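The next block holds one structure in the form of structure tokens; read it before the comments.
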Amino acid sequence: MKYKLLLPLLAAVATSGSAAPPSADGGKWGGGWGYATSPATKAVRDTLPAGTYRYRLRSSQSGDGVSFVFTNPAGAVPLEIIGATVAHASTDEGFGLDEATRMSVTFNAGSNARIEAGISLTSHAVDLIVKAGDDLILTIQTGAPSTTVGGNAGFPVAFSEAAIPADGAGLEPRKLRPFITRMAVRNPPAACTVVTMGDSITEGARGTRTGWRGWPGVLARRLAERKGPHCGVVNMGISGNRLLRDGRGTAAVDRFDRDIASVPGVTHLILLEGINDIWRSATPGEPPVAAADLIAGYRRIIDMAHTRGIRVIGGTMTPGWGSKYLSREMEQVRQETNQWIRKGGGFDAVIDFEAALRDGGSPPAIKRPFDSGDKLHPGDNGYEAMGRAVSLSPFQPPSS
């Protein structure tokens, strides 16, 4: 049988609804996977047919149970879920699943859920043992057409209007922004979760690795390989996102509660934002952006995080000289801002991503082996270098 495959790109703005993991079982929860929502726009919004959608998610945390947050875009038609299951992947790649581990994902209304536009809904806990690095296959059946929106980066999915075989044969992966926006893991061995907030460079755009996605995935892999308790990593990057103003997705200063504070067990935040603010400031109708403006935005997020006991680690903006995005004046703003990140004392710690990628030129450009081809976004080798530039010493479980 041949399977019809689409290219759905789904994003959402979670404005209300249940977004916390279930707690009736008394277990502790930590973040294990994430994909931040971004808004629908009329230019890229499309309708997906009812059918079966299958996702492959790599957990960055270990535990004895999982739960999922599903999100429907603002302005979308209601998302009608008529069934969902989760299982361990049966192969190293693709969408095959281990039927012996397959379990139902349920909600307050049972196997069905109707999610209105702009709403997030959390599933009940599923008693499934998972280890850091395990790939899970989440299968979702929709009973009616749903809404998708585009983005610069996506996530592998298989879609079919017919029944999907368990071995995933004949299914071709495509890119989307998924129905699911977060996975939590119950009873992680360490009550420690790192959330990464940023733009396309954090989301993993122009990278080809889908398991450990982008530089946050490299960090997650390194933490999982470390002996003893480790932190889970939740990637909340959005391609096109800005620090101070809405771009693709809500501005970073305004999505803290939704994308950071709502992640179960969050203890650390890595912030890498600002390059889109700088280059977009030169477009018609946009106000100028100076280093002082970006610094004020960083301070807002730092204050919000510290109020909740979250440590904040600042990442220097990566080099982009020679790309179409930066003029000499913009490059000056980038360098002034990076100098404050390094020396200003606002962050609890600093990761010098620029130093990890820059060549020896002045202004610095991204090293050719690390470039994806546009002289701004890293490729897989660049993401590897960024992830390895992160010291693991700040990421320790709480003392009690």
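Each chain of the structure tokens is named A, B, ... in the order shown, its residues numbered from 1; ligands are numbered from 1 in display order.
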
**Q.** DSSP strand (DSSP E or B) residues within segment 181-337 of chain A, listed as an MDAnalysis selection string
**A.** chainID A and resid 181:186 193:198 232:237 247 249 266:272 311:315

Where does segment 105-158 of chain A meet segment 251-269 of chain A within 12 Å, residue by residue, with the nearest atom pair and distance in Å to one decimal for each, counting only C-alpha atoms, listed by chain and rising number, as a tab-separated table?
```
residue	atom	partner	partner_atom	distance
A:Ile119	CA	A:Arg258	CA	11.6
A:Ser120	CA	A:Arg258	CA	10.3
A:Thr122	CA	A:Ser262	CA	11.8
```

Could you write out that same residue set with C-alpha atoms as a PDB file, in the first residue's frame?
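The result, written out as selection.pdb:
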```pdb
ATOM      1  CA  ILE A 119      -5.271  26.381  24.060  1.00  0.00           C
ATOM      2  CA  SER A 120      -2.849  23.829  25.525  1.00  0.00           C
ATOM      3  CA  THR A 122      -1.954  18.142  29.237  1.00  0.00           C
TER       4      THR A 122
END
```

Using 12 Å as the limit and counting only C-alpha atoms, can you tabulate each residue of segment 22-124 of chain A that touches segment 214-231 of chain A, with its shortest atom-to-atom distance in Å and the two atoms involved, as a Markdown table?
```
| residue | atom | partner | partner_atom | distance |
| --- | --- | --- | --- | --- |
| A:Gly30 | CA | A:Cys231 | CA | 8.8 |
| A:Gly31 | CA | A:Cys231 | CA | 9.0 |
| A:Gly32 | CA | A:Cys231 | CA | 9.2 |
| A:Trp33 | CA | A:Gly217 | CA | 9.9 |
| A:Gly34 | CA | A:Pro216 | CA | 10.8 |
| A:Tyr35 | CA | A:Pro216 | CA | 11.8 |
| A:Leu57 | CA | A:Gly217 | CA | 11.8 |
| A:Arg58 | CA | A:Gly217 | CA | 9.4 |
| A:Ser59 | CA | A:Ala220 | CA | 9.2 |
| A:Ser60 | CA | A:Ala220 | CA | 5.9 |
| A:Gln61 | CA | A:Cys231 | CA | 7.1 |
| A:Ser62 | CA | A:Ala224 | CA | 9.1 |
| A:Gly63 | CA | A:Pro229 | CA | 11.8 |
```

Once you have the residues from the selection above, write them out as a PDB file, in the first residue's frame, restricted to N, CA and C atoms.
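In the end it all went to again-v1.pdb:
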```
ATOM      1  N   GLY A  30      10.028  16.291  35.659  1.00  0.00           N
ATOM      2  CA  GLY A  30      11.067  17.102  35.040  1.00  0.00           C
ATOM      3  C   GLY A  30      10.834  17.175  33.545  1.00  0.00           C
ATOM      4  N   GLY A  31      11.301  18.236  32.916  1.00  0.00           N
ATOM      5  CA  GLY A  31      11.152  18.379  31.480  1.00  0.00           C
ATOM      6  C   GLY A  31      12.028  17.389  30.734  1.00  0.00           C
ATOM      7  N   GLY A  32      11.470  16.784  29.671  1.00  0.00           N
ATOM      8  CA  GLY A  32      12.221  15.810  28.896  1.00  0.00           C
ATOM      9  C   GLY A  32      12.360  16.136  27.426  1.00  0.00           C
ATOM     10  N   TRP A  33      11.483  17.021  26.916  1.00  0.00           N
ATOM     11  CA  TRP A  33      11.503  17.373  25.497  1.00  0.00           C
ATOM     12  C   TRP A  33      10.595  18.584  25.312  1.00  0.00           C
ATOM     13  N   GLY A  34      10.908  19.419  24.315  1.00  0.00           N
ATOM     14  CA  GLY A  34      10.058  20.581  24.066  1.00  0.00           C
ATOM     15  C   GLY A  34      10.195  21.102  22.652  1.00  0.00           C
ATOM     16  N   TYR A  35       9.175  21.822  22.222  1.00  0.00           N
ATOM     17  CA  TYR A  35       9.179  22.528  20.940  1.00  0.00           C
ATOM     18  C   TYR A  35       8.253  23.732  21.098  1.00  0.00           C
ATOM     19  N   LEU A  57      10.153  11.282  19.278  1.00  0.00           N
ATOM     20  CA  LEU A  57      10.642  12.222  20.277  1.00  0.00           C
ATOM     21  C   LEU A  57      11.781  11.577  21.059  1.00  0.00           C
ATOM     22  N   ARG A  58      12.872  12.298  21.237  1.00  0.00           N
ATOM     23  CA  ARG A  58      13.989  11.775  22.029  1.00  0.00           C
ATOM     24  C   ARG A  58      13.958  12.394  23.416  1.00  0.00           C
ATOM     25  N   SER A  59      13.838  11.568  24.425  1.00  0.00           N
ATOM     26  CA  SER A  59      13.797  12.058  25.796  1.00  0.00           C
ATOM     27  C   SER A  59      15.198  12.415  26.278  1.00  0.00           C
ATOM     28  N   SER A  60      15.319  13.534  26.952  1.00  0.00           N
ATOM     29  CA  SER A  60      16.599  13.921  27.554  1.00  0.00           C
ATOM     30  C   SER A  60      16.658  13.561  29.031  1.00  0.00           C
ATOM     31  N   GLN A  61      15.603  12.898  29.530  1.00  0.00           N
ATOM     32  CA  GLN A  61      15.535  12.589  30.951  1.00  0.00           C
ATOM     33  C   GLN A  61      15.043  11.159  31.140  1.00  0.00           C
ATOM     34  N   SER A  62      15.344  10.590  32.288  1.00  0.00           N
ATOM     35  CA  SER A  62      14.914   9.235  32.640  1.00  0.00           C
ATOM     36  C   SER A  62      13.821   9.298  33.692  1.00  0.00           C
ATOM     37  N   GLY A  63      12.971   8.265  33.717  1.00  0.00           N
ATOM     38  CA  GLY A  63      11.925   8.211  34.727  1.00  0.00           C
ATOM     39  C   GLY A  63      10.997   7.043  34.502  1.00  0.00           C
TER      40      GLY A  63
END
```
